[in-house]
>>> print(open('start24.txt').read())   # compact mmCIF, C-alpha atoms
# COMPACT_ATOMS: atom_id res chain seq x y z
CA MET A 1 99.24 140.23 52.57
CA LYS A 2 100.65 143.30 50.76
CA LEU A 3 103.09 140.99 48.95
CA LEU A 4 100.20 138.72 48.04
CA PHE A 5 98.21 141.63 46.59
CA ARG A 6 101.19 142.68 44.47
CA LYS A 7 101.63 139.17 43.11
CA ILE A 8 97.94 138.88 42.27
CA LEU A 9 97.98 142.17 40.41
CA ILE A 10 101.08 141.21 38.39
CA ILE A 11 99.48 137.97 37.22
CA LEU A 12 96.15 139.57 36.36
CA MET A 13 97.83 142.45 34.54
CA LEU A 14 99.67 139.89 32.41
CA LEU A 15 96.30 138.37 31.54
CA VAL A 16 94.92 141.84 30.68
CA VAL A 17 92.24 141.67 33.32
CA PHE A 18 92.82 144.87 35.20
CA THR A 19 95.46 147.19 36.60
CA GLY A 20 95.77 148.80 40.01
CA CYS A 21 97.95 149.14 43.02
CA THR A 22 98.02 147.09 46.15
CA GLY A 23 97.65 147.83 49.80
CA LYS A 24 95.05 147.62 52.47
CA GLU A 25 93.58 150.06 54.85
CA LYS A 26 93.72 149.83 58.57
CA GLU A 27 90.48 148.95 60.30
CA GLU A 28 89.10 151.01 63.14
CA PRO A 29 89.90 149.54 66.57
CA VAL A 30 87.11 148.12 68.65
CA GLU A 31 86.21 150.47 71.47
CA ASP A 32 83.61 150.50 74.20
CA THR A 33 81.38 152.55 71.93
CA VAL A 34 79.48 151.09 68.99
CA PHE A 35 81.90 149.90 66.32
CA GLN A 36 81.79 151.74 63.00
CA TYR A 37 83.62 150.99 59.78
CA VAL A 38 85.37 153.72 57.85
CA HIS A 39 83.85 152.20 54.72
CA ASP A 40 80.23 151.22 55.33
CA PRO A 41 79.40 147.64 54.20
CA ARG A 42 75.73 148.66 54.03
CA GLU A 43 76.53 150.69 50.92
CA ASN A 44 77.84 147.62 49.10
CA PRO A 45 75.22 145.12 47.85
CA GLU A 46 77.93 142.50 47.34
CA ALA A 47 78.73 142.66 51.06
CA MET A 48 75.14 142.77 52.27
CA LYS A 49 73.78 139.90 50.17
CA ASP A 50 74.91 137.36 52.79
CA ILE A 51 74.68 139.33 56.05
CA ILE A 52 72.31 141.45 58.10
CA GLU A 53 72.76 144.40 60.40
CA ASN A 54 72.96 143.34 64.03
CA GLU A 55 73.43 146.17 66.51
CA ASN A 56 74.44 143.70 69.19
CA ALA A 57 77.12 141.99 67.09
CA VAL A 58 80.73 142.86 67.84
CA TYR A 59 81.22 144.48 64.44
CA GLY A 60 77.60 145.37 63.74
CA PHE A 61 76.83 142.52 61.35
CA SER A 62 76.07 138.81 61.45
CA PRO A 63 75.39 136.18 58.77
CA ASP A 64 71.91 136.17 57.27
CA PRO A 65 70.11 132.94 58.26
CA GLU A 66 68.52 132.96 54.80
CA SER A 67 71.84 133.15 52.97
CA THR A 68 72.87 130.05 51.05
CA ARG A 69 76.55 130.84 51.50
CA LEU A 70 76.67 132.04 55.12
CA GLY A 71 73.34 130.98 56.59
CA SER A 72 74.88 128.01 58.40
CA PHE A 73 77.09 130.40 60.37
CA ALA A 74 74.14 132.43 61.65
CA GLU A 75 73.66 130.06 64.58
CA TYR A 76 76.93 131.18 66.14
CA ASP A 77 76.94 134.02 68.67
CA TRP A 78 78.32 137.04 66.82
CA THR A 79 77.74 139.15 69.92
CA ASP A 80 80.38 137.14 71.81
CA PRO A 81 83.74 138.98 71.62
CA GLU A 82 85.71 135.80 72.32
CA PHE A 83 84.05 133.85 69.51
CA VAL A 84 84.36 136.74 67.06
CA ALA A 85 88.04 137.16 67.91
CA GLU A 86 88.63 133.51 67.04
CA ALA A 87 86.60 133.86 63.83
CA ARG A 88 88.62 136.94 62.92
CA THR A 89 91.91 135.11 63.39
CA GLU A 90 90.71 132.22 61.25
CA ARG A 91 89.51 134.64 58.57
CA ILE A 92 92.87 136.37 58.37
CA ALA A 93 94.59 132.98 58.10
CA TYR A 94 92.23 132.09 55.26
CA HIS A 95 93.17 135.24 53.36
CA ASP A 96 96.87 134.54 53.95
CA SER A 97 96.52 130.94 52.76
CA MET A 98 95.79 132.17 49.24
CA GLU A 99 99.54 132.57 48.81
CA SER A 100 99.62 129.00 47.49
CA MET A 101 97.34 130.04 44.63
CA VAL A 102 99.79 132.74 43.61
CA ASP A 103 102.63 130.21 43.67
CA ILE A 104 100.64 127.96 41.34
CA LEU A 105 100.06 130.82 38.91
CA TYR A 106 103.74 131.77 38.79
CA LYS A 107 104.90 128.18 38.34
CA MET A 108 102.39 127.39 35.61
CA ARG A 109 103.02 130.67 33.81
CA ASP A 110 106.75 129.98 33.77
CA GLU A 111 106.04 126.51 32.38
CA GLY A 112 104.02 128.02 29.54
CA ALA A 113 100.57 126.91 30.70
CA SER A 114 97.50 128.37 29.02
CA THR A 115 95.11 130.71 30.79
CA GLU A 116 92.54 127.91 30.90
CA GLU A 117 95.02 125.49 32.49
CA MET A 118 95.97 128.06 35.13
CA ALA A 119 92.33 128.89 35.82
CA ARG A 120 91.45 125.24 36.34
CA ALA A 121 94.36 124.73 38.73
CA VAL A 122 93.72 127.89 40.74
CA SER A 123 89.98 127.31 41.11
CA THR A 124 90.62 123.77 42.30
CA GLU A 125 93.16 125.05 44.82
CA ARG A 126 90.66 127.65 46.01
CA ASN A 127 88.18 124.88 46.80
CA ARG A 128 90.86 122.95 48.68
CA ILE A 129 91.83 125.99 50.74
CA ARG A 130 88.25 126.72 51.70
CA LEU A 131 87.67 123.19 52.98
CA ALA A 132 91.07 123.07 54.70
CA SER A 133 90.31 126.31 56.54
CA CYS A 134 87.51 124.65 58.53
CA GLU A 135 88.57 124.29 62.14
CA SER A 136 86.20 121.48 63.06
CA GLU A 137 84.24 118.62 61.52
CA GLU A 138 81.08 120.59 62.21
CA ASP A 139 82.34 123.60 60.25
CA LEU A 140 83.53 121.34 57.43
CA ALA A 141 80.09 119.73 57.23
CA LYS A 142 78.44 123.18 57.03
CA VAL A 143 80.72 124.30 54.20
CA LYS A 144 80.18 121.08 52.28
CA GLU A 145 76.43 121.39 52.67
CA SER A 146 76.57 124.99 51.45
CA ASN A 147 78.63 123.90 48.44
CA LEU A 148 76.21 121.09 47.73
CA GLN A 149 73.23 123.43 47.74
CA THR A 150 74.96 126.08 45.66
CA TYR A 151 77.05 124.08 43.20
CA GLY A 152 75.74 120.52 43.34
CA GLN A 153 78.90 119.02 44.84
CA GLU A 154 80.53 119.22 48.26
CA GLU A 155 83.95 120.24 46.98
CA GLY A 156 82.76 123.55 45.55
CA PRO A 157 82.30 124.90 42.02
CA THR A 158 83.99 123.11 39.14
CA PRO A 159 86.18 125.11 36.73
CA ASP A 160 83.59 124.61 33.99
CA GLN A 161 80.81 125.98 36.22
CA LEU A 162 82.93 129.05 36.91
CA PHE A 163 83.71 129.54 33.22
CA GLU A 164 80.01 129.35 32.40
CA LYS A 165 79.27 131.90 35.11
CA TYR A 166 82.03 134.43 34.33
CA GLY A 167 82.52 133.93 30.59
CA SER A 168 86.33 133.80 30.42
CA TRP A 169 89.19 131.86 31.99
CA ALA A 170 90.97 135.09 32.90
CA MET A 171 87.92 136.14 34.90
CA VAL A 172 87.85 132.73 36.60
CA ILE A 173 91.39 133.42 37.81
CA GLN A 174 90.42 136.88 39.04
CA LYS A 175 87.37 135.60 40.89
CA ALA A 176 89.39 132.84 42.53
CA PHE A 177 90.99 135.51 44.69
CA SER A 178 87.67 137.13 45.57
CA PRO A 179 86.76 137.06 49.28
CA ASN A 180 83.30 136.92 50.80
CA LEU A 181 82.85 140.56 51.74
CA GLY A 182 80.02 139.77 54.14
CA MET A 183 82.10 137.40 56.24
CA ASP A 184 84.91 139.95 56.29
CA ALA A 185 82.43 142.52 57.63
CA CYS A 186 81.21 140.15 60.36
CA CYS A 187 84.83 139.61 61.41
CA GLY A 188 85.79 143.29 61.51
CA LEU A 189 87.93 143.06 58.37
CA TYR A 190 85.96 145.04 55.82
CA ASP A 191 88.25 148.08 56.06
CA THR A 192 91.35 145.89 56.17
CA TYR A 193 90.66 144.37 52.76
CA TYR A 194 88.83 147.31 51.23
CA GLN A 195 91.65 148.00 48.75
CA LEU A 196 91.43 144.40 47.58
CA TYR A 197 87.70 144.87 46.93
CA ILE A 198 88.55 147.85 44.74
CA GLU A 199 91.17 145.88 42.83
CA LEU A 200 88.73 143.03 42.23
CA GLY A 201 85.96 145.35 41.07
CA TYR A 202 83.59 145.02 44.04
CA VAL A 203 83.93 148.68 44.92
CA ASP A 204 84.08 151.67 42.60
CA SER A 205 87.39 153.38 43.35
CA ALA A 206 85.76 156.73 42.59
CA VAL A 207 83.28 156.25 45.43
CA THR A 208 84.32 157.47 48.88
CA ASN A 209 82.51 156.80 52.12
>>> encode(input="start24.txt", output="C-alpha cells")
Amino acid sequence: MKLLFRKILIILMLLVVFTGCTGKEKEEPVEDTVFQYVHDPRENPEAMKDIIENENAVYGFSPDPESTRLGSFAEYDWTDPEFVAEARTERIAYHDSMESMVDILYKMRDEGASTEEMARAVSTERNRIRLASCESEEDLAKVKESNLQTYGQEEGPTPDQLFEKYGSWAMVIQKAFSPNLGMDACCGLYDTYYQLYIELGYVDSAVTN
C-alpha cells in the first residue's frame, strides 16, 4: 500500500491537486480491554456520517442503519470477532485493489490523455472495483441498491455526476481514491489509513489527537 500511496501522490501532484508524503500508521492491536484508536473517528464528521458508536462492536463502531451508503451493512453482527476479522480482510483487499486505477492513470498519462479522459476512466474503474469486491450475491445486491438510491443507477456514480459534484476533473481523480472512512473504522483500519485521509484532505494535518 505504501507504493500505491506514492503513485497516487505523483499523479495528483502532476495535476496540481495537492502535495504530501505517503505512509500509513500502525493501528492499535485488539486486546481484551476495550479497543481504542490512536486517532479518534468521533472527531471526524466524514467518518461518523455513516456509522454510530457501538460499545459492543469489536472496534467500537458499526454502520448506521439510517446511512444510505452503509445502512445495508448494519444488519451484520459487528460484535462478532470472526465476522469482523473477515470484513477487515476484505476491506484491506479492497484498498489494495486500487492499484489497477494507478496503472490506468500512468498508462493514459504516457499516452497523452487529457485530465478529463483519465478521470472518466478512473471513476469507471472505481465503480467496477467496488462491485467486484463483493464476496456474495447478497452483498452485491446491497451495494447495487445503495448505488441506485444514491446515484440513480446500480453501477455507481457516472463521471459526469462526479464532475458536477466536485467541479473539476482533477478533483474527480482525487476523489476516486477516497475510501469510506466509516467502514474503515468499523473494520479497525482507521489508524492504518489515517495518513491517506490527510493526503486526501479528510483530516487537517495540523490537528493531532
>>> atom_distance(input="start24.txt", atom1="CA of Ala85 in chain A", atom2="CA of Pro45 in chain A")
25.1 Å
>>> residues_near_point(input="start24.txt", point="(91.6, 125.8, 34.8)", cutoff="9 Å", atoms="all atoms listed in the file", output="list of chain:residue names")
A:Ser114, A:Thr115, A:Glu116, A:Glu117, A:Met118, A:Ala119, A:Arg120, A:Ala121, A:Val122, A:Ser123, A:Thr124, A:Pro159, A:Asp160, A:Phe163, A:Trp169, A:Val172, A:Ile173
>>> closest_residue(input="start24.txt", among="A:Phe35, A:Phe177, A:Phe83, A:Tyr193", to="Arg130 in chain A", atoms="all atoms listed in the file")
A:Phe177
>>> residues_around(input="start24.txt", residues="Gly201 in chain A", least_positions_apart="2", cutoff="10 Å", atoms="all atoms listed in the file", output="count of residues only")
12
>>> closest_residue(input="start24.txt", among="A:Arg128, A:Pro63, A:Thr68, A:Tyr37", to="Glu145 in chain A", atoms="all atoms listed in the file")
A:Thr68
>>> atom_distance(input="start24.txt", atom1="CA of Ser72 in chain A", atom2="CA of Asp139 in chain A")
8.9 Å
>>> closest_residue(input="start24.txt", among="A:Asn127, A:Thr89, A:Gln153, A:Thr79", to="Phe61 in chain A", atoms="only C-alpha atoms")
A:Thr79
>>> atom_distance(input="start24.txt", atom1="CA of Glu155 in chain A", atom2="CA of Glu135 in chain A")
16.4 Å
>>> residues_around(input="start24.txt", residues="Ser62 in chain A", least_positions_apart="4", cutoff="10 Å", atoms="only C-alpha atoms", output="ChimeraX atom specification")
/A:50-58,70-71,73-79,182-183,185-187
>>> closest_residue(input="start24.txt", among="A:Arg91, A:Glu125, A:Val84, A:Pro157", to="Ile104 in chain A", atoms="all atoms listed in the file")
A:Glu125
>>> closest_residue(input="start24.txt", among="A:His39, A:Arg126, A:Gly60, A:Arg69", to="Met98 in chain A", atoms="all atoms listed in the file")
A:Arg126
>>> closest_residue(input="start24.txt", among="A:Leu148, A:Asp184, A:Ala176, A:Ala170", to="Val102 in chain A", atoms="only C-alpha atoms")
A:Ala176
